[in-house]
Amino acid sequence: MAIIIRKLSRPGCRPCAAISHYLAEIAPQIAEEGATVTEHDVMVERGLLEKYEITGVPVLVFERSGVEVARLTGLVSPEEILDTLIYAKEVR
């Protein structure tokens with residue numbers, strides 16, 4: 001099952017920029033796990049705020065078959081992102 005990691009952020013958000021940097025850093029491991037990262041600007045895609053019940057960014061939503069299986073909010077480490085990816089692949 002492929003995992004989609006939705007990165008929800010907005011321009012000018014420093015923690016969002018840091019998360020982007022971390023995702024780039026661990027891109028090989030993300031690809032190795034068969035996951036894809038999609039980036040969403042919540043200022044452009046405002047409907048996502050309501051859909052995912054977001055009150056602040058950055059947020060990483062891990063989806064499998066279109067269903068949210070995990071979420072990380074705020075500034076998290078590359079290790080936490082990878083750990084959550086592994087969890088998202090295994091959780092029932």
# chains A, B, ... in the order shown; residues from 1 in each chain; ligands from 1
$ select_by_dssp --residues "region 15-56 of chain A" --states "strand (DSSP E)" --output "list in words"
Ala35, Thr36, Val37, Thr38, Glu39, His40 and Asp41 of chain A
$ write_last_selection --atoms "all heavy atoms" --output "short mmCIF file (atom, residue, chain, number, x, y, z; two decimals), in the first residue's frame"
data_model
loop_
_atom_site.label_atom_id
_atom_site.label_comp_id
_atom_site.auth_asym_id
_atom_site.auth_seq_id
_atom_site.Cartn_x
_atom_site.Cartn_y
_atom_site.Cartn_z
N ALA A 35 6.62 5.76 -0.54
CA ALA A 35 5.72 6.88 -0.23
C ALA A 35 5.97 8.05 -1.17
O ALA A 35 7.04 8.16 -1.77
CB ALA A 35 5.91 7.31 1.22
N THR A 36 4.97 8.91 -1.28
CA THR A 36 5.05 10.11 -2.10
C THR A 36 4.69 11.31 -1.24
O THR A 36 3.78 11.22 -0.41
CB THR A 36 4.02 10.02 -3.25
OG1 THR A 36 4.18 8.78 -3.92
CG2 THR A 36 4.20 11.15 -4.25
N VAL A 37 5.40 12.42 -1.45
CA VAL A 37 5.09 13.65 -0.72
C VAL A 37 4.38 14.60 -1.68
O VAL A 37 4.82 14.81 -2.80
CB VAL A 37 6.37 14.33 -0.18
CG1 VAL A 37 6.03 15.66 0.49
CG2 VAL A 37 7.11 13.41 0.78
N THR A 38 3.24 15.16 -1.22
CA THR A 38 2.57 16.20 -1.99
C THR A 38 2.53 17.45 -1.12
O THR A 38 2.30 17.37 0.08
CB THR A 38 1.13 15.80 -2.39
OG1 THR A 38 0.36 15.56 -1.21
CG2 THR A 38 1.12 14.57 -3.27
N GLU A 39 2.82 18.60 -1.73
CA GLU A 39 2.86 19.85 -0.98
C GLU A 39 1.62 20.67 -1.27
O GLU A 39 1.19 20.77 -2.42
CB GLU A 39 4.12 20.64 -1.36
CG GLU A 39 5.38 19.87 -1.06
CD GLU A 39 6.49 20.71 -0.48
OE1 GLU A 39 6.25 21.87 -0.11
OE2 GLU A 39 7.61 20.19 -0.41
N HIS A 40 1.04 21.23 -0.22
CA HIS A 40 -0.18 22.03 -0.35
C HIS A 40 -0.01 23.34 0.40
O HIS A 40 0.34 23.35 1.58
CB HIS A 40 -1.38 21.27 0.23
CG HIS A 40 -1.60 19.93 -0.40
ND1 HIS A 40 -2.30 19.76 -1.57
CD2 HIS A 40 -1.19 18.70 -0.04
CE1 HIS A 40 -2.33 18.48 -1.89
NE2 HIS A 40 -1.64 17.81 -0.97
N ASP A 41 -0.30 24.45 -0.29
CA ASP A 41 -0.29 25.78 0.31
C ASP A 41 -1.72 26.05 0.78
O ASP A 41 -2.64 26.19 -0.03
CB ASP A 41 0.13 26.81 -0.74
CG ASP A 41 0.12 28.24 -0.23
OD1 ASP A 41 -0.49 28.50 0.83
OD2 ASP A 41 0.70 29.11 -0.91
#
$ select_by_dssp --residues "chain A" --states "helix (DSSP H, G or I)" --output "ChimeraX atom specification"
/A:14-25,27-32,47-51,78-90
$ write_last_selection --atoms "C-alpha atoms" --output "mmCIF file, in the first residue's frame"
data_model
loop_
_atom_site.group_PDB
_atom_site.id
_atom_site.type_symbol
_atom_site.label_atom_id
_atom_site.label_comp_id
_atom_site.auth_asym_id
_atom_site.auth_seq_id
_atom_site.Cartn_x
_atom_site.Cartn_y
_atom_site.Cartn_z
ATOM 1 C CA ARG A 14 9.685 29.128 9.155
ATOM 2 C CA PRO A 15 8.770 25.717 10.644
ATOM 3 C CA CYS A 16 7.150 24.866 7.269
ATOM 4 C CA ALA A 17 10.421 25.718 5.493
ATOM 5 C CA ALA A 18 12.348 23.549 7.971
ATOM 6 C CA ILE A 19 9.977 20.607 7.341
ATOM 7 C CA SER A 20 10.504 21.049 3.572
ATOM 8 C CA HIS A 21 14.256 20.888 4.160
ATOM 9 C CA TYR A 22 13.881 17.726 6.283
ATOM 10 C CA LEU A 23 11.660 16.074 3.659
ATOM 11 C CA ALA A 24 14.292 16.811 0.990
ATOM 12 C CA GLU A 25 16.988 15.386 3.286
ATOM 13 C CA ALA A 27 13.642 11.881 0.249
ATOM 14 C CA PRO A 28 15.631 8.704 -0.601
ATOM 15 C CA GLN A 29 14.260 6.877 2.468
ATOM 16 C CA ILE A 30 10.716 8.118 1.750
ATOM 17 C CA ALA A 31 10.974 6.789 -1.828
ATOM 18 C CA GLU A 32 12.454 3.527 -0.551
ATOM 19 C CA GLY A 47 -10.664 23.945 1.646
ATOM 20 C CA LEU A 48 -7.934 21.709 3.085
ATOM 21 C CA LEU A 49 -8.039 23.636 6.392
ATOM 22 C CA GLU A 50 -11.598 22.442 6.947
ATOM 23 C CA LYS A 51 -11.158 18.997 5.383
ATOM 24 C CA PRO A 78 13.383 13.827 10.161
ATOM 25 C CA GLU A 79 13.494 10.749 12.436
ATOM 26 C CA GLU A 80 9.931 11.368 13.629
ATOM 27 C CA ILE A 81 8.777 11.696 10.009
ATOM 28 C CA LEU A 82 10.381 8.366 9.067
ATOM 29 C CA ASP A 83 9.075 6.638 12.221
ATOM 30 C CA THR A 84 5.558 7.877 11.441
ATOM 31 C CA LEU A 85 5.893 6.696 7.834
ATOM 32 C CA ILE A 86 6.808 3.182 9.037
ATOM 33 C CA TYR A 87 3.872 3.290 11.467
ATOM 34 C CA ALA A 88 1.487 4.483 8.714
ATOM 35 C CA LYS A 89 2.498 1.541 6.531
ATOM 36 C CA GLU A 90 1.861 -1.022 9.288
#
$ residues_around --residues "Glu68 (chain A)" --least-positions-apart "3" --cutoff "12 Å" --atoms "only C-alpha atoms" --output "PyMOL selection string"
chain A and resi 3-6+51-52+60-65+71-72+85+88-89+91-92
$ closest_residue --among "A:Val76, A:Ala2, A:Ala70, A:Cys13" --to "Val57 (chain A)" --atoms "only C-alpha atoms"
A:Cys13
$ atom_distance --atom1 "CA of Arg46 (chain A)" --atom2 "CA of Glu33 (chain A)"
29.6 Å
